[in-house]
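K.L.:
So here's run-v9.cif (mmCIF, N, CA and C atoms).
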data_run
#
loop_
_atom_site.label_atom_id
_atom_site.label_comp_id
_atom_site.auth_asym_id
_atom_site.auth_seq_id
_atom_site.Cartn_x
_atom_site.Cartn_y
_atom_site.Cartn_z
N TYR A 1 4.67 -0.24 -5.25
CA TYR A 1 6.07 -0.56 -5.07
C TYR A 1 6.80 0.64 -4.49
N PHE A 2 7.97 0.38 -3.92
CA PHE A 2 8.65 1.43 -3.15
C PHE A 2 9.28 2.52 -4.02
N GLY A 3 9.30 2.35 -5.34
CA GLY A 3 9.76 3.42 -6.21
C GLY A 3 8.69 4.49 -6.42
N CYS A 4 7.46 4.16 -6.15
CA CYS A 4 6.31 5.06 -6.35
C CYS A 4 6.24 6.06 -5.20
N PRO A 5 6.34 7.37 -5.48
CA PRO A 5 6.33 8.35 -4.40
C PRO A 5 5.01 8.38 -3.61
N VAL A 6 3.89 8.15 -4.26
CA VAL A 6 2.61 8.11 -3.53
C VAL A 6 2.59 6.89 -2.61
N CYS A 7 3.10 5.77 -3.10
CA CYS A 7 3.17 4.55 -2.27
C CYS A 7 4.11 4.77 -1.09
N GLN A 8 5.20 5.49 -1.29
CA GLN A 8 6.12 5.81 -0.20
C GLN A 8 5.40 6.59 0.89
N ASP A 9 4.62 7.57 0.48
CA ASP A 9 3.88 8.39 1.44
C ASP A 9 2.81 7.57 2.15
N ASP A 10 2.12 6.72 1.40
CA ASP A 10 1.12 5.84 2.02
C ASP A 10 1.77 4.91 3.03
N PHE A 11 2.96 4.42 2.72
CA PHE A 11 3.68 3.54 3.65
C PHE A 11 4.01 4.29 4.93
N ASP A 12 4.44 5.55 4.79
CA ASP A 12 4.70 6.38 5.98
C ASP A 12 3.44 6.50 6.84
N GLU A 13 2.30 6.73 6.20
CA GLU A 13 1.04 6.85 6.92
C GLU A 13 0.65 5.53 7.59
N LEU A 14 0.94 4.42 6.93
CA LEU A 14 0.63 3.11 7.50
C LEU A 14 1.47 2.85 8.75
N ILE A 15 2.72 3.28 8.73
CA ILE A 15 3.58 3.11 9.91
C ILE A 15 3.01 3.90 11.08
N VAL A 16 2.58 5.13 10.83
CA VAL A 16 1.96 5.94 11.88
C VAL A 16 0.69 5.25 12.38
N LEU A 17 -0.14 4.77 11.46
CA LEU A 17 -1.38 4.09 11.83
C LEU A 17 -1.08 2.85 12.68
N SER A 18 -0.02 2.13 12.36
CA SER A 18 0.29 0.90 13.10
C SER A 18 0.56 1.19 14.57
N GLY A 19 1.01 2.39 14.89
CA GLY A 19 1.23 2.76 16.28
C GLY A 19 -0.03 3.16 17.01
N LYS A 20 -1.14 3.29 16.28
CA LYS A 20 -2.40 3.72 16.88
C LYS A 20 -3.40 2.58 17.03
N THR A 21 -3.01 1.37 16.64
CA THR A 21 -3.92 0.24 16.70
C THR A 21 -3.13 -1.02 17.05
N ASP A 22 -3.84 -2.01 17.54
CA ASP A 22 -3.15 -3.26 17.89
C ASP A 22 -3.47 -4.38 16.89
N VAL A 23 -4.03 -4.04 15.74
CA VAL A 23 -4.29 -5.07 14.74
C VAL A 23 -2.99 -5.46 14.04
N SER A 24 -2.95 -6.66 13.53
CA SER A 24 -1.79 -7.13 12.77
C SER A 24 -1.86 -6.56 11.36
N ILE A 25 -0.75 -6.04 10.90
CA ILE A 25 -0.66 -5.47 9.56
C ILE A 25 0.28 -6.34 8.74
N VAL A 26 -0.10 -6.58 7.51
CA VAL A 26 0.76 -7.24 6.53
C VAL A 26 0.75 -6.35 5.29
N TYR A 27 1.92 -6.01 4.78
CA TYR A 27 2.04 -5.10 3.65
C TYR A 27 2.60 -5.86 2.45
N PHE A 28 1.90 -5.82 1.33
CA PHE A 28 2.36 -6.44 0.09
C PHE A 28 2.88 -5.36 -0.84
N THR A 29 4.00 -5.63 -1.51
CA THR A 29 4.58 -4.67 -2.43
C THR A 29 5.01 -5.36 -3.72
N GLN A 30 4.97 -4.64 -4.82
CA GLN A 30 5.45 -5.17 -6.09
C GLN A 30 6.97 -5.06 -6.19
N SER A 31 7.60 -4.39 -5.25
CA SER A 31 9.07 -4.29 -5.27
C SER A 31 9.67 -5.67 -5.04
N PRO A 32 10.77 -5.98 -5.74
CA PRO A 32 11.45 -7.24 -5.46
C PRO A 32 12.06 -7.22 -4.06
N GLU A 33 12.35 -8.39 -3.53
CA GLU A 33 12.85 -8.50 -2.16
C GLU A 33 14.08 -7.64 -1.92
N SER A 34 15.02 -7.61 -2.86
CA SER A 34 16.25 -6.82 -2.66
C SER A 34 15.94 -5.34 -2.53
N SER A 35 15.05 -4.82 -3.35
CA SER A 35 14.67 -3.40 -3.28
C SER A 35 13.90 -3.10 -2.00
N ALA A 36 13.01 -4.02 -1.63
CA ALA A 36 12.22 -3.81 -0.40
C ALA A 36 13.15 -3.77 0.81
N ARG A 37 14.09 -4.69 0.88
CA ARG A 37 15.04 -4.69 2.01
C ARG A 37 15.81 -3.38 2.08
N LYS A 38 16.29 -2.93 0.92
CA LYS A 38 17.06 -1.68 0.88
C LYS A 38 16.21 -0.50 1.33
N TYR A 39 14.98 -0.42 0.83
CA TYR A 39 14.09 0.68 1.20
C TYR A 39 13.80 0.67 2.70
N LEU A 40 13.58 -0.50 3.24
CA LEU A 40 13.18 -0.64 4.65
C LEU A 40 14.32 -0.39 5.63
N GLU A 41 15.55 -0.31 5.15
CA GLU A 41 16.69 -0.04 6.03
C GLU A 41 16.51 1.24 6.83
N ASP A 42 15.82 2.21 6.24
CA ASP A 42 15.63 3.52 6.88
C ASP A 42 14.38 3.58 7.76
N TYR A 43 13.69 2.45 7.94
CA TYR A 43 12.43 2.45 8.67
C TYR A 43 12.46 1.46 9.83
N ASP A 44 11.73 1.79 10.86
CA ASP A 44 11.51 0.87 11.97
C ASP A 44 10.11 0.31 11.79
N VAL A 45 10.02 -0.81 11.12
CA VAL A 45 8.73 -1.41 10.75
C VAL A 45 8.51 -2.65 11.60
N ASP A 46 7.36 -2.69 12.27
CA ASP A 46 7.07 -3.84 13.14
C ASP A 46 6.01 -4.76 12.56
N PHE A 47 5.87 -4.75 11.24
CA PHE A 47 4.94 -5.66 10.57
C PHE A 47 5.62 -6.24 9.33
N PRO A 48 5.15 -7.40 8.88
CA PRO A 48 5.78 -8.02 7.71
C PRO A 48 5.52 -7.23 6.43
N VAL A 49 6.57 -7.14 5.61
CA VAL A 49 6.48 -6.55 4.28
C VAL A 49 6.81 -7.67 3.30
N ILE A 50 5.85 -8.00 2.46
CA ILE A 50 5.97 -9.17 1.60
C ILE A 50 6.06 -8.74 0.13
N PRO A 51 7.22 -8.98 -0.49
CA PRO A 51 7.33 -8.72 -1.93
C PRO A 51 6.48 -9.74 -2.69
N VAL A 52 5.66 -9.26 -3.59
CA VAL A 52 4.79 -10.12 -4.38
C VAL A 52 5.51 -10.45 -5.68
N PRO A 53 5.70 -11.73 -5.97
CA PRO A 53 6.39 -12.08 -7.22
C PRO A 53 5.57 -11.67 -8.43
N LYS A 54 6.30 -11.32 -9.48
CA LYS A 54 5.65 -10.90 -10.72
C LYS A 54 4.99 -12.08 -11.44
N VAL A 55 5.26 -13.29 -10.97
CA VAL A 55 4.71 -14.50 -11.57
C VAL A 55 3.19 -14.38 -11.72
N ASP A 56 2.70 -14.80 -12.85
CA ASP A 56 1.26 -14.75 -13.13
C ASP A 56 0.69 -13.34 -13.01
N GLY A 57 1.48 -12.33 -13.35
CA GLY A 57 0.99 -10.95 -13.33
C GLY A 57 0.62 -10.47 -11.94
N TYR A 58 1.49 -10.73 -10.96
CA TYR A 58 1.25 -10.33 -9.57
C TYR A 58 -0.07 -10.95 -9.09
N ARG A 59 -0.11 -12.25 -9.06
CA ARG A 59 -1.34 -13.02 -8.83
C ARG A 59 -2.12 -12.60 -7.59
N VAL A 60 -1.43 -12.24 -6.50
CA VAL A 60 -2.17 -11.90 -5.27
C VAL A 60 -3.16 -10.76 -5.52
N TYR A 61 -2.80 -9.83 -6.41
CA TYR A 61 -3.73 -8.74 -6.73
C TYR A 61 -4.96 -9.29 -7.44
N LYS A 62 -4.73 -10.20 -8.37
CA LYS A 62 -5.85 -10.83 -9.08
C LYS A 62 -6.72 -11.62 -8.10
N ASP A 63 -6.07 -12.35 -7.18
CA ASP A 63 -6.81 -13.17 -6.22
C ASP A 63 -7.76 -12.34 -5.36
N TYR A 64 -7.38 -11.09 -5.09
CA TYR A 64 -8.22 -10.21 -4.28
C TYR A 64 -9.05 -9.26 -5.13
N GLY A 65 -9.06 -9.47 -6.43
CA GLY A 65 -9.90 -8.67 -7.31
C GLY A 65 -9.43 -7.24 -7.49
N VAL A 66 -8.12 -7.04 -7.36
CA VAL A 66 -7.57 -5.69 -7.51
C VAL A 66 -6.98 -5.58 -8.91
N GLY A 67 -7.63 -4.79 -9.75
CA GLY A 67 -7.19 -4.64 -11.13
C GLY A 67 -6.42 -3.35 -11.35
N MET A 68 -6.56 -2.84 -12.53
CA MET A 68 -5.90 -1.58 -12.88
C MET A 68 -6.69 -0.40 -12.32
N MET A 69 -6.01 0.71 -12.17
CA MET A 69 -6.66 1.92 -11.63
C MET A 69 -7.79 2.37 -12.52
N GLY A 70 -8.86 2.81 -11.89
CA GLY A 70 -9.93 3.46 -12.62
C GLY A 70 -9.58 4.93 -12.83
N PHE A 71 -10.40 5.61 -13.59
CA PHE A 71 -10.14 7.01 -13.93
C PHE A 71 -10.02 7.89 -12.69
N ASN A 72 -10.96 7.76 -11.75
CA ASN A 72 -10.93 8.61 -10.55
C ASN A 72 -9.71 8.34 -9.68
N THR A 73 -9.31 7.08 -9.58
CA THR A 73 -8.12 6.75 -8.81
C THR A 73 -6.89 7.33 -9.48
N MET A 74 -6.82 7.24 -10.81
CA MET A 74 -5.69 7.81 -11.55
C MET A 74 -5.60 9.31 -11.32
N LEU A 75 -6.73 10.00 -11.36
CA LEU A 75 -6.72 11.45 -11.09
C LEU A 75 -6.24 11.73 -9.67
N GLY A 76 -6.70 10.92 -8.73
CA GLY A 76 -6.27 11.08 -7.34
C GLY A 76 -4.78 10.86 -7.17
N ILE A 77 -4.24 9.87 -7.86
CA ILE A 77 -2.80 9.59 -7.81
C ILE A 77 -2.03 10.79 -8.36
N LEU A 78 -2.48 11.34 -9.46
CA LEU A 78 -1.80 12.49 -10.05
C LEU A 78 -1.82 13.69 -9.10
N ARG A 79 -2.95 13.91 -8.44
CA ARG A 79 -3.05 15.00 -7.47
C ARG A 79 -2.10 14.75 -6.30
N ARG A 80 -2.14 13.53 -5.79
CA ARG A 80 -1.28 13.18 -4.65
C ARG A 80 0.20 13.25 -5.03
N ALA A 81 0.53 12.93 -6.28
CA ALA A 81 1.93 12.97 -6.72
C ALA A 81 2.51 14.36 -6.52
N GLY A 82 1.73 15.38 -6.82
CA GLY A 82 2.18 16.75 -6.58
C GLY A 82 2.36 17.04 -5.10
N GLU A 83 1.43 16.56 -4.29
CA GLU A 83 1.50 16.78 -2.84
C GLU A 83 2.73 16.10 -2.24
N VAL A 84 2.98 14.86 -2.62
CA VAL A 84 4.10 14.13 -2.01
C VAL A 84 5.44 14.63 -2.52
N LYS A 85 5.45 15.17 -3.73
CA LYS A 85 6.69 15.79 -4.24
C LYS A 85 7.09 16.94 -3.33
N ASN A 86 6.10 17.70 -2.86
CA ASN A 86 6.37 18.80 -1.94
C ASN A 86 6.88 18.31 -0.59
N LYS A 87 6.63 17.04 -0.28
CA LYS A 87 7.14 16.44 0.96
C LYS A 87 8.54 15.85 0.76
N GLY A 88 9.05 15.94 -0.46
CA GLY A 88 10.37 15.41 -0.74
C GLY A 88 10.40 14.00 -1.30
N LYS A 89 9.24 13.43 -1.59
CA LYS A 89 9.20 12.08 -2.15
C LYS A 89 9.52 12.15 -3.65
N VAL A 90 10.41 11.28 -4.09
CA VAL A 90 10.79 11.26 -5.51
C VAL A 90 10.61 9.85 -6.05
N HIS A 91 10.39 9.78 -7.36
CA HIS A 91 10.19 8.48 -7.99
C HIS A 91 11.52 7.74 -8.06
N GLY A 92 11.49 6.50 -7.63
CA GLY A 92 12.66 5.63 -7.71
C GLY A 92 12.53 4.68 -8.88
N GLU A 93 13.12 3.51 -8.70
CA GLU A 93 13.08 2.48 -9.74
C GLU A 93 11.64 2.11 -10.10
N TYR A 94 11.42 1.85 -11.37
CA TYR A 94 10.13 1.34 -11.83
C TYR A 94 10.15 -0.17 -11.64
N GLU A 95 9.42 -0.66 -10.65
CA GLU A 95 9.50 -2.07 -10.28
C GLU A 95 8.17 -2.81 -10.39
N GLY A 96 7.14 -2.13 -10.69
CA GLY A 96 5.83 -2.76 -10.74
C GLY A 96 5.02 -2.14 -11.85
N ARG A 97 3.74 -2.37 -11.79
CA ARG A 97 2.82 -1.80 -12.78
C ARG A 97 2.40 -0.42 -12.32
N GLU A 98 2.68 0.56 -13.12
CA GLU A 98 2.31 1.94 -12.78
C GLU A 98 0.80 2.11 -12.69
N THR A 99 0.07 1.28 -13.38
CA THR A 99 -1.39 1.43 -13.42
C THR A 99 -2.11 0.48 -12.46
N GLN A 100 -1.35 -0.24 -11.63
CA GLN A 100 -1.95 -1.14 -10.64
C GLN A 100 -2.73 -0.32 -9.62
N SER A 101 -3.96 -0.67 -9.40
CA SER A 101 -4.75 0.05 -8.39
C SER A 101 -4.23 -0.28 -7.00
N PRO A 102 -4.13 0.73 -6.15
CA PRO A 102 -3.84 0.44 -4.74
C PRO A 102 -5.08 -0.16 -4.09
N ALA A 103 -4.87 -0.87 -3.00
CA ALA A 103 -5.99 -1.46 -2.27
C ALA A 103 -5.55 -1.78 -0.86
N ASP A 104 -6.52 -1.79 0.05
CA ASP A 104 -6.25 -2.26 1.41
C ASP A 104 -7.47 -3.02 1.90
N PHE A 105 -7.21 -4.01 2.73
CA PHE A 105 -8.25 -4.90 3.22
C PHE A 105 -8.10 -5.10 4.72
N VAL A 106 -9.22 -5.30 5.40
CA VAL A 106 -9.21 -5.74 6.79
C VAL A 106 -9.82 -7.13 6.78
N ILE A 107 -9.07 -8.08 7.33
CA ILE A 107 -9.48 -9.48 7.34
C ILE A 107 -9.61 -9.92 8.79
N ASP A 108 -10.76 -10.50 9.13
CA ASP A 108 -10.97 -10.90 10.53
C ASP A 108 -10.23 -12.20 10.85
N GLY A 109 -10.31 -12.62 12.09
CA GLY A 109 -9.60 -13.81 12.55
C GLY A 109 -9.99 -15.08 11.83
N GLY A 110 -11.17 -15.09 11.24
CA GLY A 110 -11.64 -16.26 10.51
C GLY A 110 -11.28 -16.23 9.03
N GLY A 111 -10.56 -15.18 8.61
CA GLY A 111 -10.15 -15.07 7.22
C GLY A 111 -11.15 -14.37 6.32
N LYS A 112 -12.21 -13.80 6.89
CA LYS A 112 -13.23 -13.10 6.11
C LYS A 112 -12.84 -11.63 5.93
N ILE A 113 -12.98 -11.14 4.71
CA ILE A 113 -12.73 -9.72 4.44
C ILE A 113 -13.90 -8.92 5.01
N ILE A 114 -13.61 -8.02 5.95
CA ILE A 114 -14.68 -7.23 6.57
C ILE A 114 -14.62 -5.76 6.15
N ARG A 115 -13.57 -5.38 5.46
CA ARG A 115 -13.48 -4.04 4.87
C ARG A 115 -12.55 -4.14 3.68
N GLU A 116 -12.98 -3.55 2.58
CA GLU A 116 -12.12 -3.53 1.41
C GLU A 116 -12.16 -2.15 0.78
N ASN A 117 -11.01 -1.71 0.34
CA ASN A 117 -10.87 -0.43 -0.33
C ASN A 117 -9.97 -0.62 -1.53
N ARG A 118 -10.54 -0.54 -2.70
CA ARG A 118 -9.76 -0.61 -3.94
C ARG A 118 -9.68 0.81 -4.47
N GLY A 119 -8.61 1.47 -4.13
CA GLY A 119 -8.41 2.86 -4.52
C GLY A 119 -7.38 3.49 -3.60
N LEU A 120 -7.37 4.79 -3.55
CA LEU A 120 -6.38 5.51 -2.76
C LEU A 120 -6.46 5.15 -1.28
N PHE A 121 -5.31 5.03 -0.65
CA PHE A 121 -5.22 4.72 0.77
C PHE A 121 -5.68 5.92 1.58
N ASP A 122 -6.53 5.69 2.57
CA ASP A 122 -7.02 6.74 3.46
C ASP A 122 -6.83 6.24 4.89
N ALA A 123 -5.70 6.62 5.49
CA ALA A 123 -5.35 6.14 6.82
C ALA A 123 -6.40 6.53 7.86
N ASP A 124 -6.95 7.73 7.76
CA ASP A 124 -7.95 8.18 8.73
C ASP A 124 -9.21 7.32 8.66
N ALA A 125 -9.68 7.04 7.45
CA ALA A 125 -10.88 6.21 7.29
C ALA A 125 -10.62 4.79 7.79
N LEU A 126 -9.43 4.28 7.52
CA LEU A 126 -9.10 2.93 7.98
C LEU A 126 -9.03 2.88 9.50
N LEU A 127 -8.40 3.87 10.11
CA LEU A 127 -8.31 3.90 11.57
C LEU A 127 -9.69 4.03 12.20
N GLU A 128 -10.55 4.86 11.61
CA GLU A 128 -11.92 5.00 12.12
C GLU A 128 -12.64 3.66 12.08
N PHE A 129 -12.48 2.92 10.98
CA PHE A 129 -13.11 1.61 10.89
C PHE A 129 -12.55 0.67 11.96
N LEU A 130 -11.24 0.65 12.11
CA LEU A 130 -10.62 -0.26 13.08
C LEU A 130 -11.09 0.03 14.50
N LYS A 131 -11.30 1.29 14.81
CA LYS A 131 -11.78 1.65 16.15
C LYS A 131 -13.23 1.24 16.35
N SER A 132 -13.97 1.07 15.25
CA SER A 132 -15.39 0.74 15.35
C SER A 132 -15.64 -0.76 15.53
N ILE A 133 -14.64 -1.57 15.34
CA ILE A 133 -14.86 -3.03 15.44
C ILE A 133 -14.39 -3.57 16.77
#
What is this structure when it is put down as structure tokens?
P.N.:
Amino acid sequence: YFGCPVCQDDFDELIVLSGKTDVSIVYFTQSPESSARKYLEDYDVDFPVIPVPKVDGYRVYKDYGVGMMGFNTMLGILRRAGEVKNKGKVHGEYEGRETQSPADFVIDGGGKIIRENRGLFDADALLEFLKSI
């Protein structure tokens, strides 16, 4: 969600990545629509940002098998939190589950998941994969 400083930084990296590839990006957030709209006012985003309703415990995460953070992901988030604080990112409203694991997926034209990452976002690794397909 957009109150999470690590998520804010990952979103910045995703915007940069979107300018380096021609794939369609869809971004899901636990932030409610009103918060997402407010946050996005400061950004020039050319892909859809979809607030995920809290109904059924953020069902879309369950549907894609994304659970709570594992120990290594939690340690990585804590490390990154210090790094992004130095970039000026601060924690905003608590709008989602703090322990929700981050994840990113690449889905082909037929709807098949061809890359999945349940853990910290790595824009460089994702871009490398996208260039390889």
K.L.:
When the PyMOL selection byres ((chain A and resi 48) around 6) is applied to the structure above, which residues does it catch, written out as number ranges by chain?
P.N.:
A: 25-27, 46-47, 49-50
K.L.:
Pick out each residue of chain A that DSSP on the backbone tags as strand (DSSP E); I need them as a list in words.
P.N.:
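Of chain A, the ones in strand (DSSP E) are Tyr27, Phe28, Thr29, Val49, Ile50, Pro51, Ala103, Asp104, Phe105, Val106, Ile107, Ile113, Ile114, Arg115, Glu116, Asn117 and Arg118 of chain A.
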K.L.:
Env of segment 3-20 of chain A: 7 Å cut, atoms = all atoms listed in the file, seq-sep filter 6 positions within chain, self excluded. Answer as a PyMOL selection string.
P.N.:
chain A and resi 31+45+80-81+84-85+89-95+121+123+127
K.L.:
To one decimal place in Å, what is the distance between atom C of Asp122 of chain A and atom N of Ala103 of chain A?
P.N.:
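Separation between atom C of Asp122 of chain A and atom N of Ala103 of chain A: 10.8 Å.
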K.L.:
Rounded to one decimal in Å, what is the spacing between atom CA of Lys131 of chain A and atom CA of Thr21 of chain A?
P.N.:
8.0 Å
K.L.:
So what do you get for atom CA of Asp104 of chain A versus atom CA of Tyr61 of chain A, distance-wise?
P.N.:
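Atom CA of Asp104 of chain A sits 10.7 Å away from atom CA of Tyr61 of chain A.
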K.L.:
Could you check the closest approach to Asp108 of chain A for each of A:Ile133, A:Phe71, A:Gln30, A:Lys38 and tell me which residue wins, using only C-alpha atoms?
P.N.:
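Of all the options, A:Ile133 lies closest to Asp108 of chain A.
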K.L.:
So which residues are close to (-9.7, 0.8, -10.3), meaning at most 6.5 Å away in the file's coordinates with only N, CA and C atoms counted, and can you show them as a list in words?
P.N.:
Gly67, Met68, Met69, Gly70, Phe71, Thr73, Ser101, Arg118 and Gly119 of chain A
K.L.:
Which residue gives the smallest distance to Thr29 of chain A among A:Gly96, A:Met74, A:Glu116, A:Asn86, with only N, CA and C atoms counted?
P.N.:
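Smallest separation from Thr29 of chain A among the options: A:Gly96.
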K.L.:
Going by DSSP on the backbone, which residues of chain A come out as helix (DSSP H, G or I)? List them as a PyMOL selection string.
P.N.:
chain A and resi 5-18+33-40+55-63+71-86+123-132
K.L.:
Env of Ile114 of chain A: 12 Å cut, atoms = only C-alpha atoms, seq-sep filter 2 positions within chain, self excluded. Answer as a ChimeraX atom specification.
P.N.:
/A:104-112,116-117,126,129-130,132-133
K.L.:
Counting all atoms listed in the file, figure out which residue out of A:Leu120, A:Val23, A:Ile77, A:Val52 gets nearest to Pro102 of chain A.
P.N.:
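Under the stated criterion, the closest residue is A:Leu120.
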